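Chemist: Structure file structure34.csv, CSV, C-alpha atoms, is pasted below:
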chain,number,residue,atom,x,y,z
A,11,MET,CA,-145.4,-75.5,-141.3
A,12,THR,CA,-142.0,-74.4,-142.5
A,13,LEU,CA,-138.9,-74.1,-140.4
A,14,PRO,CA,-138.2,-70.7,-138.9
A,15,GLY,CA,-136.0,-69.0,-141.4
A,16,LEU,CA,-132.6,-69.2,-139.8
A,17,PHE,CA,-132.8,-72.3,-137.7
A,18,PRO,CA,-130.6,-74.6,-139.8
A,19,TYR,CA,-127.9,-72.0,-139.9
A,20,TRP,CA,-127.8,-71.8,-136.2
A,21,VAL,CA,-127.6,-75.6,-135.8
A,22,VAL,CA,-124.6,-75.4,-138.3
A,23,ILE,CA,-122.9,-72.8,-136.1
A,24,VAL,CA,-123.4,-74.9,-133.0
A,25,LEU,CA,-121.9,-78.0,-134.7
A,26,MET,CA,-119.0,-75.9,-136.1
A,27,MET,CA,-118.2,-74.5,-132.6
A,28,ILE,CA,-118.3,-78.0,-131.1
A,29,GLY,CA,-115.9,-79.3,-133.7
A,30,PHE,CA,-113.7,-76.2,-133.2
A,31,TYR,CA,-113.6,-76.7,-129.5
A,32,MET,CA,-112.7,-80.3,-129.8
A,33,VAL,CA,-109.8,-79.4,-132.1
A,34,ILE,CA,-108.3,-76.8,-129.8
A,35,ALA,CA,-109.0,-78.2,-126.4
A,36,HIS,CA,-108.6,-81.9,-126.5
A,37,GLY,CA,-105.1,-83.5,-126.0
A,38,ASN,CA,-105.6,-86.8,-127.8
A,39,LEU,CA,-104.9,-86.5,-131.5
A,40,VAL,CA,-107.6,-89.0,-132.5
A,41,LEU,CA,-110.2,-86.9,-130.7
A,42,LYS,CA,-108.9,-83.9,-132.5
A,43,ILE,CA,-109.4,-85.6,-135.8
A,44,ILE,CA,-112.9,-86.6,-134.9
A,45,GLY,CA,-113.6,-82.9,-134.0
A,46,LEU,CA,-112.3,-82.0,-137.4
A,47,ASN,CA,-114.7,-84.5,-138.9
A,48,ILE,CA,-117.6,-82.8,-137.1
A,49,PHE,CA,-116.4,-79.4,-138.4
A,50,GLN,CA,-116.2,-80.7,-142.0
A,51,THR,CA,-119.7,-82.2,-141.9
A,52,SER,CA,-121.1,-78.9,-140.5
A,53,VAL,CA,-119.6,-77.0,-143.4
A,54,PHE,CA,-121.2,-79.4,-145.9
A,55,LEU,CA,-124.5,-78.8,-144.1
A,56,LEU,CA,-124.1,-75.0,-144.5
A,57,TYR,CA,-123.6,-75.2,-148.2
A,58,ILE,CA,-126.4,-77.6,-148.8
A,59,SER,CA,-128.9,-75.8,-146.6
A,60,MET,CA,-128.2,-72.7,-148.7
A,61,GLY,CA,-129.0,-74.5,-151.9
A,62,LYS,CA,-132.4,-76.0,-150.8
A,63,VAL,CA,-135.6,-74.7,-152.4
A,64,ASN,CA,-138.9,-75.2,-150.6
A,65,GLY,CA,-141.0,-77.8,-152.5
A,66,GLY,CA,-138.0,-78.7,-154.7
A,67,THR,CA,-136.4,-82.0,-155.5
A,68,ALA,CA,-133.0,-83.5,-156.3
A,69,PRO,CA,-131.1,-82.0,-159.2
A,70,ILE,CA,-131.7,-84.9,-161.6
A,71,ILE,CA,-133.5,-83.7,-164.7
A,72,ALA,CA,-135.7,-86.6,-165.9
A,73,SER,CA,-138.9,-86.7,-167.9
A,74,GLY,CA,-141.9,-86.5,-165.7
A,75,PHE,CA,-140.4,-84.3,-163.0
A,76,SER,CA,-141.0,-80.6,-163.4
A,77,ARG,CA,-140.7,-79.3,-159.9
A,78,PRO,CA,-138.0,-76.7,-159.2
A,79,THR,CA,-134.8,-78.4,-158.1
A,80,ALA,CA,-132.1,-77.7,-155.6
A,81,ILE,CA,-129.0,-76.1,-156.8
A,82,PRO,CA,-126.4,-78.7,-157.7
A,83,CYS,CA,-123.4,-76.7,-156.7
A,84,PRO,CA,-124.1,-73.6,-154.5
A,85,MET,CA,-120.4,-72.6,-154.3
A,86,CYS,CA,-119.7,-72.6,-158.0
B,29,MET,CA,-144.3,-83.7,-141.8
B,30,GLU,CA,-141.0,-83.3,-143.5
B,31,THR,CA,-140.1,-80.3,-141.4
B,32,LEU,CA,-140.8,-82.3,-138.3
B,33,ILE,CA,-138.4,-85.1,-139.4
B,34,LEU,CA,-135.8,-82.5,-140.4
B,35,LEU,CA,-136.1,-80.7,-137.0
B,36,ALA,CA,-135.7,-84.0,-135.1
B,37,ALA,CA,-132.7,-85.0,-137.2
B,38,LEU,CA,-131.0,-81.7,-136.7
B,39,ILE,CA,-131.6,-81.8,-132.9
B,40,PHE,CA,-130.2,-85.4,-132.8
B,41,LEU,CA,-127.2,-84.2,-134.7
B,42,GLY,CA,-126.5,-81.6,-132.2
B,43,LEU,CA,-127.0,-84.0,-129.3
B,44,THR,CA,-124.6,-86.5,-130.8
B,45,ALA,CA,-121.9,-83.9,-131.3
B,46,LEU,CA,-122.4,-82.8,-127.7
B,47,ALA,CA,-122.0,-86.4,-126.5
B,48,ILE,CA,-118.8,-86.8,-128.5
B,49,LEU,CA,-117.5,-83.7,-126.8
B,50,ARG,CA,-117.9,-85.1,-123.3
B,51,LEU,CA,-116.1,-88.4,-124.0
B,52,ARG,CA,-112.7,-89.5,-123.1
B,53,ASP,CA,-112.8,-93.1,-124.5
B,54,GLY,CA,-111.5,-93.2,-128.0
B,55,VAL,CA,-113.5,-96.2,-129.3
B,56,THR,CA,-116.9,-94.8,-128.1
B,57,ALA,CA,-116.1,-91.5,-129.7
B,58,VAL,CA,-115.4,-93.3,-133.0
B,59,MET,CA,-118.7,-95.2,-132.8
B,60,LEU,CA,-120.6,-92.0,-132.1
B,61,ALA,CA,-118.8,-90.3,-135.0
B,62,GLY,CA,-120.0,-93.0,-137.3
B,63,ILE,CA,-123.6,-92.4,-136.0
B,64,TYR,CA,-123.1,-88.7,-136.6
B,65,SER,CA,-122.0,-89.2,-140.2
B,66,LEU,CA,-125.0,-91.5,-140.9
B,67,LEU,CA,-127.4,-88.9,-139.4
B,68,SER,CA,-125.9,-86.1,-141.4
B,69,ALA,CA,-126.3,-88.3,-144.5
B,70,GLY,CA,-130.0,-88.5,-143.7
B,71,VAL,CA,-130.2,-84.8,-143.2
B,72,PHE,CA,-128.6,-84.3,-146.6
B,73,VAL,CA,-131.2,-86.5,-148.3
B,74,LEU,CA,-134.0,-84.4,-146.6
B,75,MET,CA,-132.3,-81.3,-148.1
B,76,ASP,CA,-132.4,-82.9,-151.6
B,77,ALA,CA,-128.6,-83.4,-152.0
B,78,VAL,CA,-128.6,-87.1,-152.8
B,79,ASP,CA,-125.0,-87.4,-154.2
B,80,VAL,CA,-123.5,-85.8,-151.2
B,81,ALA,CA,-125.5,-88.0,-148.9
B,82,LEU,CA,-124.3,-91.2,-150.7
B,83,THR,CA,-120.7,-90.0,-150.4
B,84,GLU,CA,-121.0,-89.0,-146.8
B,85,ALA,CA,-122.6,-92.3,-145.8
B,86,ALA,CA,-120.0,-94.3,-147.6
B,87,VAL,CA,-116.9,-92.4,-146.5
B,88,GLY,CA,-117.9,-91.0,-143.1
B,89,ALA,CA,-119.8,-94.0,-141.7
B,90,GLY,CA,-117.8,-96.7,-143.4
B,91,ILE,CA,-114.2,-96.0,-144.2
B,92,SER,CA,-113.5,-93.4,-141.5
B,93,THR,CA,-114.7,-95.7,-138.7
B,94,VAL,CA,-112.5,-98.5,-139.8
B,95,LEU,CA,-109.4,-96.4,-140.3
B,96,LEU,CA,-109.9,-94.5,-137.0
B,97,LEU,CA,-110.3,-97.8,-135.1
B,98,ALA,CA,-107.1,-99.1,-136.7
B,99,THR,CA,-105.3,-96.0,-135.6
B,100,LEU,CA,-106.7,-96.3,-132.0
B,101,HIS,CA,-105.5,-99.9,-132.0
B,102,ARG,CA,-101.9,-98.7,-132.5
B,103,THR,CA,-102.0,-95.7,-130.1
B,104,SER,CA,-103.6,-95.3,-126.7
B,105,ARG,CA,-107.3,-95.7,-126.3
B,106,MET,CA,-108.2,-93.4,-123.4
B,107,THR,CA,-107.3,-89.7,-122.8
B,108,HIS,CA,-106.2,-88.4,-119.4
B,109,ARG,CA,-108.5,-86.1,-117.5
B,110,PRO,CA,-107.2,-82.5,-118.2
B,111,THR,CA,-105.6,-80.9,-115.2
B,112,HIS,CA,-107.2,-77.5,-115.6
B,113,THR,CA,-110.5,-76.4,-117.1
B,114,PRO,CA,-109.8,-75.1,-120.6
B,115,LEU,CA,-111.1,-71.6,-120.1
B,116,ILE,CA,-109.4,-69.8,-122.9
B,117,PRO,CA,-110.6,-72.2,-125.7
B,118,LEU,CA,-114.1,-71.9,-124.3
B,119,ILE,CA,-114.0,-68.1,-124.5
B,120,VAL,CA,-112.6,-68.2,-128.0
B,121,VAL,CA,-115.3,-70.6,-129.1
B,122,MET,CA,-118.1,-68.5,-127.5
B,123,VAL,CA,-116.8,-65.3,-129.1
B,124,THR,CA,-116.5,-66.9,-132.6
B,125,GLY,CA,-119.9,-68.4,-132.3
B,126,ALA,CA,-121.5,-65.1,-131.3
B,127,ALA,CA,-119.8,-63.4,-134.3
B,128,LEU,CA,-121.1,-66.1,-136.7
B,129,VAL,CA,-124.6,-65.8,-135.3
B,130,TYR,CA,-124.5,-62.1,-135.8
B,131,GLY,CA,-123.3,-62.8,-139.4
B,132,THR,CA,-126.2,-65.1,-140.2
B,133,LEU,CA,-128.8,-62.4,-139.4
B,134,ASP,CA,-128.3,-61.0,-142.9
B,135,MET,CA,-128.8,-64.3,-144.7
B,136,PRO,CA,-131.9,-65.2,-146.7
B,137,ALA,CA,-134.5,-67.5,-145.1
B,138,TYR,CA,-134.0,-71.2,-145.4
B,139,GLY,CA,-135.6,-72.6,-148.6
B,140,ASP,CA,-136.3,-69.2,-150.2
B,141,PRO,CA,-136.5,-69.5,-154.0
B,142,GLN,CA,-135.6,-65.8,-154.4
B,143,ALA,CA,-132.3,-66.1,-152.6
B,144,PRO,CA,-129.3,-64.8,-154.6
B,145,VAL,CA,-127.8,-68.2,-154.9
B,146,HIS,CA,-130.6,-69.3,-157.1
B,147,GLN,CA,-130.3,-66.3,-159.5
B,148,HIS,CA,-127.0,-66.5,-161.3
B,149,VAL,CA,-125.2,-69.7,-162.3
B,150,GLY,CA,-127.4,-72.3,-160.8
B,151,PRO,CA,-130.4,-72.1,-163.1
B,152,ASP,CA,-128.1,-71.9,-166.1
B,153,TYR,CA,-126.6,-75.3,-165.1
B,154,LEU,CA,-130.0,-76.8,-164.5
B,155,ARG,CA,-131.4,-75.5,-167.9
B,156,GLU,CA,-128.5,-76.2,-170.2
B,157,GLY,CA,-126.7,-79.1,-168.4
B,158,PRO,CA,-128.8,-82.0,-169.8
B,159,ASN,CA,-128.9,-80.5,-173.2
B,160,THR,CA,-125.2,-79.8,-173.7
B,161,THR,CA,-123.8,-82.8,-172.0
B,162,GLY,CA,-126.7,-85.3,-172.5
B,163,VAL,CA,-126.5,-86.4,-168.8
B,164,PRO,CA,-129.6,-86.1,-166.7
B,165,ASN,CA,-127.7,-86.0,-163.4
B,166,VAL,CA,-126.7,-82.3,-163.2
B,167,VAL,CA,-124.3,-82.9,-160.3
B,168,THR,CA,-122.2,-85.4,-162.4
B,169,ALA,CA,-122.4,-83.0,-165.3
B,170,VAL,CA,-121.0,-80.1,-163.3
B,171,LEU,CA,-118.4,-82.3,-161.6
B,172,ALA,CA,-117.1,-84.1,-164.7
B,173,SER,CA,-117.7,-81.7,-167.5
B,174,TYR,CA,-118.2,-78.1,-166.5
B,175,ARG,CA,-115.6,-78.3,-163.6
B,176,GLY,CA,-113.6,-81.2,-164.8
B,177,TYR,CA,-110.3,-79.6,-164.1
B,178,ASP,CA,-111.1,-79.3,-160.4
B,179,THR,CA,-112.0,-83.0,-160.3
B,180,LEU,CA,-108.6,-83.8,-161.8
B,181,GLY,CA,-107.1,-81.8,-158.9
B,182,GLU,CA,-109.2,-83.7,-156.4
B,183,ALA,CA,-108.1,-87.1,-157.8
B,184,THR,CA,-104.5,-86.0,-157.6
B,185,VAL,CA,-105.0,-84.8,-154.0
B,186,VAL,CA,-106.4,-88.3,-153.0
B,187,LEU,CA,-103.3,-89.9,-154.6
B,188,THR,CA,-100.9,-87.6,-152.8
B,189,ALA,CA,-102.6,-88.2,-149.5
B,190,ALA,CA,-102.2,-92.0,-150.0
B,191,VAL,CA,-98.6,-91.5,-150.9
B,192,GLY,CA,-98.0,-89.5,-147.8
B,193,VAL,CA,-99.7,-92.1,-145.5
B,194,LEU,CA,-97.9,-95.0,-147.1
B,195,ALA,CA,-94.5,-93.2,-146.8
B,196,LEU,CA,-95.2,-92.7,-143.1
B,197,LEU,CA,-96.3,-96.2,-142.3
B,198,ARG,CA,-93.9,-98.1,-144.4
B,199,GLY,CA,-90.9,-96.0,-143.6
B,200,ARG,CA,-91.4,-96.6,-139.9
B,201,ARG,CA,-91.6,-100.3,-140.3
B,202,GLN,CA,-88.4,-100.4,-142.3
B,203,GLY,CA,-86.8,-98.3,-139.7
B,204,LYS,CA,-87.9,-100.7,-137.0
B,205,GLU,CA,-86.6,-103.7,-138.9
B,206,ARG,CA,-83.2,-102.1,-139.5
B,207,SER,CA,-82.6,-101.2,-135.9
C,28,MET,CA,-116.5,-121.4,-133.6
C,29,ASP,CA,-120.2,-121.0,-134.2
C,30,ALA,CA,-120.1,-117.2,-134.3
C,31,GLN,CA,-117.2,-117.4,-136.8
C,32,VAL,CA,-119.3,-119.6,-139.1
C,33,ILE,CA,-122.2,-117.1,-139.1
C,34,LEU,CA,-119.8,-114.2,-139.8
C,35,ARG,CA,-118.0,-116.0,-142.6
C,36,VAL,CA,-121.1,-117.2,-144.4
C,37,THR,CA,-122.7,-113.7,-144.2
C,38,ALA,CA,-119.5,-112.0,-145.4
C,39,ARG,CA,-119.2,-114.4,-148.4
C,40,LEU,CA,-122.8,-113.6,-149.3
C,41,LEU,CA,-122.4,-109.9,-148.9
C,42,VAL,CA,-119.1,-109.2,-150.7
C,43,PRO,CA,-120.3,-110.0,-154.3
C,44,ALA,CA,-123.5,-108.0,-153.7
C,45,ILE,CA,-121.4,-105.0,-152.5
C,46,TRP,CA,-119.1,-105.2,-155.5
C,47,LEU,CA,-122.1,-105.5,-157.8
C,48,PHE,CA,-123.6,-102.4,-156.2
C,49,ALA,CA,-120.3,-100.6,-156.6
C,50,LEU,CA,-120.3,-101.3,-160.3
C,51,TYR,CA,-123.9,-100.1,-160.5
C,52,VAL,CA,-123.2,-96.9,-158.7
C,53,GLN,CA,-120.2,-96.3,-160.9
C,54,PHE,CA,-121.9,-96.7,-164.3
C,55,HIS,CA,-125.3,-95.2,-163.4
C,56,GLY,CA,-123.8,-92.0,-162.1
C,57,ASP,CA,-125.1,-90.3,-165.2
C,58,PHE,CA,-128.7,-91.2,-164.5
C,59,GLY,CA,-129.0,-91.2,-160.8
C,60,PRO,CA,-127.0,-90.4,-157.7
C,61,GLY,CA,-123.6,-91.9,-157.9
C,62,GLY,CA,-120.3,-91.4,-159.7
C,63,GLY,CA,-116.7,-92.2,-159.2
C,64,PHE,CA,-116.0,-91.3,-155.6
C,65,GLN,CA,-118.9,-93.3,-154.1
C,66,ALA,CA,-118.2,-96.3,-156.3
C,67,GLY,CA,-114.5,-96.4,-155.4
C,68,VAL,CA,-115.3,-96.3,-151.7
C,69,LEU,CA,-117.9,-99.0,-152.0
C,70,PHE,CA,-115.5,-101.3,-153.9
C,71,ALA,CA,-112.9,-100.8,-151.1
C,72,VAL,CA,-115.5,-101.5,-148.5
C,73,GLY,CA,-116.2,-104.9,-150.0
C,74,PHE,CA,-112.6,-105.7,-149.9
C,75,ILE,CA,-112.3,-104.5,-146.3
C,76,LEU,CA,-115.2,-106.6,-145.2
C,77,TYR,CA,-113.6,-109.7,-146.7
C,78,ALA,CA,-110.2,-108.9,-145.1
C,79,LEU,CA,-111.8,-108.3,-141.7
C,80,VAL,CA,-113.5,-111.7,-141.7
C,81,GLU,CA,-111.0,-114.0,-143.5
C,82,GLY,CA,-107.7,-112.2,-142.8
C,83,LEU,CA,-105.5,-110.0,-144.9
C,84,ALA,CA,-103.6,-112.8,-146.5
C,85,ALA,CA,-106.7,-114.4,-147.9
C,86,ALA,CA,-108.0,-111.0,-149.1
C,87,GLU,CA,-104.7,-110.3,-150.9
C,88,THR,CA,-105.2,-113.4,-153.0
C,89,LEU,CA,-108.2,-111.6,-154.4
C,90,ILE,CA,-106.5,-108.2,-155.1
C,91,PRO,CA,-102.7,-108.5,-154.6
C,92,ALA,CA,-100.8,-105.5,-153.2
C,93,PRO,CA,-99.0,-104.5,-156.5
C,94,VAL,CA,-102.4,-104.5,-158.3
C,95,SER,CA,-103.9,-102.0,-155.8
C,96,GLU,CA,-100.7,-99.9,-155.9
C,97,ALA,CA,-101.0,-99.7,-159.6
C,98,MET,CA,-104.7,-98.9,-159.4
C,99,MET,CA,-103.9,-95.7,-157.4
C,100,ALA,CA,-101.9,-94.1,-160.2
C,101,LEU,CA,-103.8,-95.7,-163.1
C,102,GLY,CA,-106.9,-93.7,-162.4
C,103,VAL,CA,-105.2,-90.4,-162.5
C,104,LEU,CA,-103.4,-91.5,-165.6
C,105,ILE,CA,-106.7,-92.3,-167.3
C,106,TYR,CA,-108.1,-88.9,-166.4
C,107,ALA,CA,-105.1,-87.0,-167.7
C,108,CYS,CA,-105.0,-89.1,-170.9
C,109,VAL,CA,-108.6,-88.2,-171.6
C,110,GLY,CA,-107.5,-84.6,-171.3
C,111,PHE,CA,-104.5,-85.0,-173.6
C,112,THR,CA,-106.6,-86.9,-176.2
C,113,GLY,CA,-108.8,-84.0,-176.4
C,114,MET,CA,-105.8,-81.8,-177.1
C,115,ALA,CA,-104.5,-84.3,-179.7
C,116,MET,CA,-107.8,-84.2,-181.5
C,117,GLY,CA,-107.8,-80.5,-181.9
C,118,GLY,CA,-109.7,-79.1,-178.9
C,119,ASN,CA,-108.5,-77.7,-175.6
C,120,PHE,CA,-107.3,-79.8,-172.6
C,121,LEU,CA,-110.2,-81.8,-171.2
C,122,ASP,CA,-112.5,-80.8,-174.1
C,123,TYR,CA,-115.0,-83.6,-174.5
C,124,ASN,CA,-116.7,-82.3,-177.6
C,125,VAL,CA,-114.0,-83.6,-180.0
C,126,LEU,CA,-113.7,-87.1,-178.6
C,127,ALA,CA,-116.3,-88.7,-180.8
C,128,HIS,CA,-118.2,-88.0,-184.0
C,129,ASP,CA,-120.8,-85.9,-182.3
C,130,PRO,CA,-120.5,-83.5,-179.3
C,131,HIS,CA,-123.3,-85.3,-177.4
C,132,HIS,CA,-121.5,-88.7,-177.7
C,133,GLY,CA,-118.2,-87.1,-177.0
C,134,GLN,CA,-119.5,-85.7,-173.7
C,135,HIS,CA,-121.0,-89.0,-172.7
C,136,LEU,CA,-117.7,-90.8,-173.5
C,137,GLY,CA,-115.6,-88.2,-171.7
C,138,ILE,CA,-117.7,-88.2,-168.6
C,139,LEU,CA,-117.8,-92.0,-168.5
C,140,LEU,CA,-114.0,-92.4,-168.8
C,141,VAL,CA,-113.3,-89.6,-166.3
C,142,GLU,CA,-115.6,-91.1,-163.6
C,143,LEU,CA,-114.0,-94.5,-164.2
C,144,GLY,CA,-110.6,-93.0,-163.6
C,145,VAL,CA,-111.7,-91.4,-160.4
C,146,GLY,CA,-113.3,-94.6,-159.2
C,147,ILE,CA,-110.2,-96.7,-159.8
C,148,THR,CA,-108.0,-94.2,-158.0
C,149,VAL,CA,-110.2,-94.0,-154.9
C,150,ALA,CA,-110.6,-97.8,-154.7
C,151,GLY,CA,-106.9,-98.4,-154.9
C,152,VAL,CA,-106.1,-95.7,-152.3
C,153,MET,CA,-108.6,-97.0,-149.8
C,154,ILE,CA,-107.4,-100.6,-150.2
C,155,GLN,CA,-103.8,-99.6,-149.9
C,156,ILE,CA,-104.3,-97.5,-146.8
C,157,PHE,CA,-106.3,-100.2,-145.0
C,158,SER,CA,-103.7,-102.8,-145.9
C,159,ALA,CA,-100.9,-100.6,-144.6
C,160,PHE,CA,-102.7,-100.3,-141.3
C,161,ALA,CA,-103.6,-104.0,-141.1
C,162,ARG,CA,-100.3,-105.5,-142.2
C,163,GLU,CA,-98.0,-104.5,-139.4
C,164,SER,CA,-98.7,-105.1,-135.8
C,165,PRO,CA,-97.3,-102.7,-133.1
Could you render the structure as structure tokens?

Modeler:
Amino acid sequence: MTLPGLFPYWVVIVLMMIGFYMVIAHGNLVLKIIGLNIFQTSVFLLYISMGKVNGGTAPIIASGFSRPTAIPCPMC
Amino acid sequence: METLILLAALIFLGLTALAILRLRDGVTAVMLAGIYSLLSAGVFVLMDAVDVALTEAAVGAGISTVLLLATLHRTSRMTHRPTHTPLIPLIVVMVTGAALVYGTLDMPAYGDPQAPVHQHVGPDYLREGPNTTGVPNVVTAVLASYRGYDTLGEATVVLTAAVGVLALLRGRRQGKERS
Amino acid sequence: MDAQVILRVTARLLVPAIWLFALYVQFHGDFGPGGGFQAGVLFAVGFILYALVEGLAAAETLIPAPVSEAMMALGVLIYACVGFTGMAMGGNFLDYNVLAHDPHHGQHLGILLVELGVGITVAGVMIQIFSAFARESP
């Protein structure tokens, strides 16, 4: 069973919007920074979910592993 | 099986973020933010990005929690209940979210090997990286050799941020001692 | 008093293990996950654990404040010096191929030194910021 095609992107958008809302709506500065942290992690999640290959493995080329690997830097 | 774990982790991530949204106590929010960072590190591992997972776990769940708690110790811990419901931020967030969802309808499916991101520079790095640089970890090869100039910039940014923070904290203390 | 004894003994057992793990992550960044940023943060975490349990004054006998201040800038200096050495030996800025007798060994040496520089900077920065927060009381 594979994930429905766009589900991780929608989770990313939900997290991004929660972080965005915390930045613009809360009054306390520390809670704003935590909202920015949530936003930042959701952006990482977006890049990494774009680079994943089904059935792949980590981008470390060692002898004995010949499966297709995930992209080491999707934004390069 | 792996997809079930990934699904559960992503749903927990969303629930944790929603819980942080509803809080007014600073210390509880910092603790939940640490849990959020650790969960996202687990999701990164499930998506085969092990270097990023190590960094996120160390920085997000370790250092950020300590520094945020130190900040909370020196400022106030609770927030006041807002006097009016923030309607305009809610509308802005909903409109932006809808626009982003509309934008993702064009994207390739998750995990597709034929996606455009796997066609251009990525396979070249994977093919030639270990041969040219002699380093099996392609992420380190890209970070330190192919894009070494950017990493110099990142190290300088970390240094500048530290200088800024220290100037703020030490200047205040000297000001207090003088007055 | 009993709770403090447990905390102290556990911290004293953990801190060398954390530092050893930080060194492992730093120098094995070529062959597995790791590299400079993670190793620097882990090194600082060991220091912070010790400072939380024993107090900042005891922790500063381990790594005095001027040393961690110098570490901040030393890492960026190492990085830039690797770049300028490449220029002095005939290549471009940050060219690793000319650093040793063989492009392969040059790349290895260049990547090792550069990650070391980044690790030293990040460790110094985290220790300094934590000490700045912990030193003064409101």

Chemist: What's around Val22 of chain A at 6 Å? Count only C-alpha atoms, leave out sequence neighbours fewer than 3 positions away in its own chain, and write the answer as a list in words.

Modeler: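 After dropping sequence-adjacent residues, the list is Tyr19, Leu25 and Ser52 of chain A.
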
Chemist: Could you dump the residues just selected with C-alpha atoms as a compact mmCIF listing (two decimals), in the coordinates of the input?

Modeler:
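Produced file again.txt, reproduced below:
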# COMPACT_ATOMS: atom_id res chain seq x y z
CA TYR A 19 -127.90 -72.00 -139.90
CA LEU A 25 -121.90 -78.00 -134.70
CA SER A 52 -121.10 -78.90 -140.50

Chemist: For Ala100 of chain C, work out the shell of residues within 10 Å, counting all atoms listed in the file and skipping chain neighbours fewer than 2 positions away, then give it as an NGL selection string.

Modeler: (:B and (183-184 or 187-188)) or (:C and (95-98 or 102-105 or 144 or 147-149 or 151-152))

Chemist: Applying 9 Å and all atoms listed in the file, which residues near Tyr174 of chain B remain after dropping the ones on its own chain fewer than 5 positions away? List them as a list in words.

Modeler: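 Once the nearby chain positions are removed, what remains is Tyr153, Gly157 and Ala169 of chain B.
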
Chemist: Find the residues of chain C in contact range of chain A, meaning any atom within 12 Å when counting only C-alpha atoms, and list them as a list of chain:residue names.

Modeler: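 Per the criterion, chain C yields C:Gly56, C:Asp57, C:Phe58, C:Gly59, C:Pro60, C:Gly61.
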
Chemist: Give as an mmCIF file with C-alpha atoms, in the coordinates of the input every residue of chain B that touches chain C within 7 Å, counting all atoms listed in the file.

Modeler:
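Output file part03.cif is given in full below:
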data_model
loop_
_atom_site.group_PDB
_atom_site.id
_atom_site.type_symbol
_atom_site.label_atom_id
_atom_site.label_comp_id
_atom_site.auth_asym_id
_atom_site.auth_seq_id
_atom_site.Cartn_x
_atom_site.Cartn_y
_atom_site.Cartn_z
ATOM 1 C CA VAL B 78 -128.600 -87.100 -152.800
ATOM 2 C CA ASP B 79 -125.000 -87.400 -154.200
ATOM 3 C CA LEU B 82 -124.300 -91.200 -150.700
ATOM 4 C CA THR B 83 -120.700 -90.000 -150.400
ATOM 5 C CA ALA B 86 -120.000 -94.300 -147.600
ATOM 6 C CA VAL B 87 -116.900 -92.400 -146.500
ATOM 7 C CA LEU B 95 -109.400 -96.400 -140.300
ATOM 8 C CA ALA B 98 -107.100 -99.100 -136.700
ATOM 9 C CA ARG B 102 -101.900 -98.700 -132.500
ATOM 10 C CA THR B 160 -125.200 -79.800 -173.700
ATOM 11 C CA THR B 161 -123.800 -82.800 -172.000
ATOM 12 C CA GLY B 162 -126.700 -85.300 -172.500
ATOM 13 C CA VAL B 163 -126.500 -86.400 -168.800
ATOM 14 C CA PRO B 164 -129.600 -86.100 -166.700
ATOM 15 C CA ASN B 165 -127.700 -86.000 -163.400
ATOM 16 C CA THR B 168 -122.200 -85.400 -162.400
ATOM 17 C CA ALA B 172 -117.100 -84.100 -164.700
ATOM 18 C CA SER B 173 -117.700 -81.700 -167.500
ATOM 19 C CA LEU B 180 -108.600 -83.800 -161.800
ATOM 20 C CA ALA B 183 -108.100 -87.100 -157.800
ATOM 21 C CA THR B 184 -104.500 -86.000 -157.600
ATOM 22 C CA LEU B 187 -103.300 -89.900 -154.600
ATOM 23 C CA ALA B 190 -102.200 -92.000 -150.000
ATOM 24 C CA LEU B 194 -97.900 -95.000 -147.100
ATOM 25 C CA LEU B 197 -96.300 -96.200 -142.300
#

Chemist: In Å, how far is it from atom CA of Val73 of chain B to atom CA of Met60 of chain A?

Modeler: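 So the two atoms, atom CA of Val73 of chain B and atom CA of Met60 of chain A, lie 14.1 Å apart.
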
Chemist: As a list in words, please: the residues near segment 58-61 of chain B (cut-off 9 Å, only C-alpha atoms, same-chain neighbours under 6 positions excluded).

Modeler: Val40, Leu41, Ile44, Asn47 and Ile48 of chain A; Thr44, Ala45, Ala47, Ile48, Gly88, Ala89, Ser92, Thr93, Leu96 and Leu97 of chain B

Chemist: Could segment 140-147 of chain B be completed with N, CA and C atoms and written as a JSON list (two decimals), in the frame of the given file, please?

Modeler:
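Once everything was written out, this is out.json:
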[["chain", "number", "residue", "atom", "x", "y", "z"],
["B", 140, "ASP", "N", -135.69, -70.31, -149.40],
["B", 140, "ASP", "CA", -136.30, -69.20, -150.20],
["B", 140, "ASP", "C", -135.93, -69.34, -151.62],
["B", 141, "PRO", "N", -136.89, -69.41, -152.54],
["B", 141, "PRO", "CA", -136.50, -69.50, -154.00],
["B", 141, "PRO", "C", -135.95, -68.26, -154.54],
["B", 142, "GLN", "N", -136.14, -67.10, -153.86],
["B", 142, "GLN", "CA", -135.60, -65.80, -154.40],
["B", 142, "GLN", "C", -134.28, -65.50, -153.86],
["B", 143, "ALA", "N", -133.62, -66.43, -153.18],
["B", 143, "ALA", "CA", -132.30, -66.10, -152.60],
["B", 143, "ALA", "C", -131.31, -65.86, -153.74],
["B", 144, "PRO", "N", -130.26, -65.07, -153.49],
["B", 144, "PRO", "CA", -129.30, -64.80, -154.60],
["B", 144, "PRO", "C", -128.60, -65.97, -155.13],
["B", 145, "VAL", "N", -128.49, -67.06, -154.36],
["B", 145, "VAL", "CA", -127.80, -68.20, -154.90],
["B", 145, "VAL", "C", -128.52, -68.91, -155.99],
["B", 146, "HIS", "N", -129.84, -68.65, -156.09],
["B", 146, "HIS", "CA", -130.60, -69.30, -157.10],
["B", 146, "HIS", "C", -130.75, -68.44, -158.38],
["B", 147, "GLN", "N", -130.07, -67.28, -158.41],
["B", 147, "GLN", "CA", -130.30, -66.30, -159.50],
["B", 147, "GLN", "C", -129.29, -66.36, -160.59]]
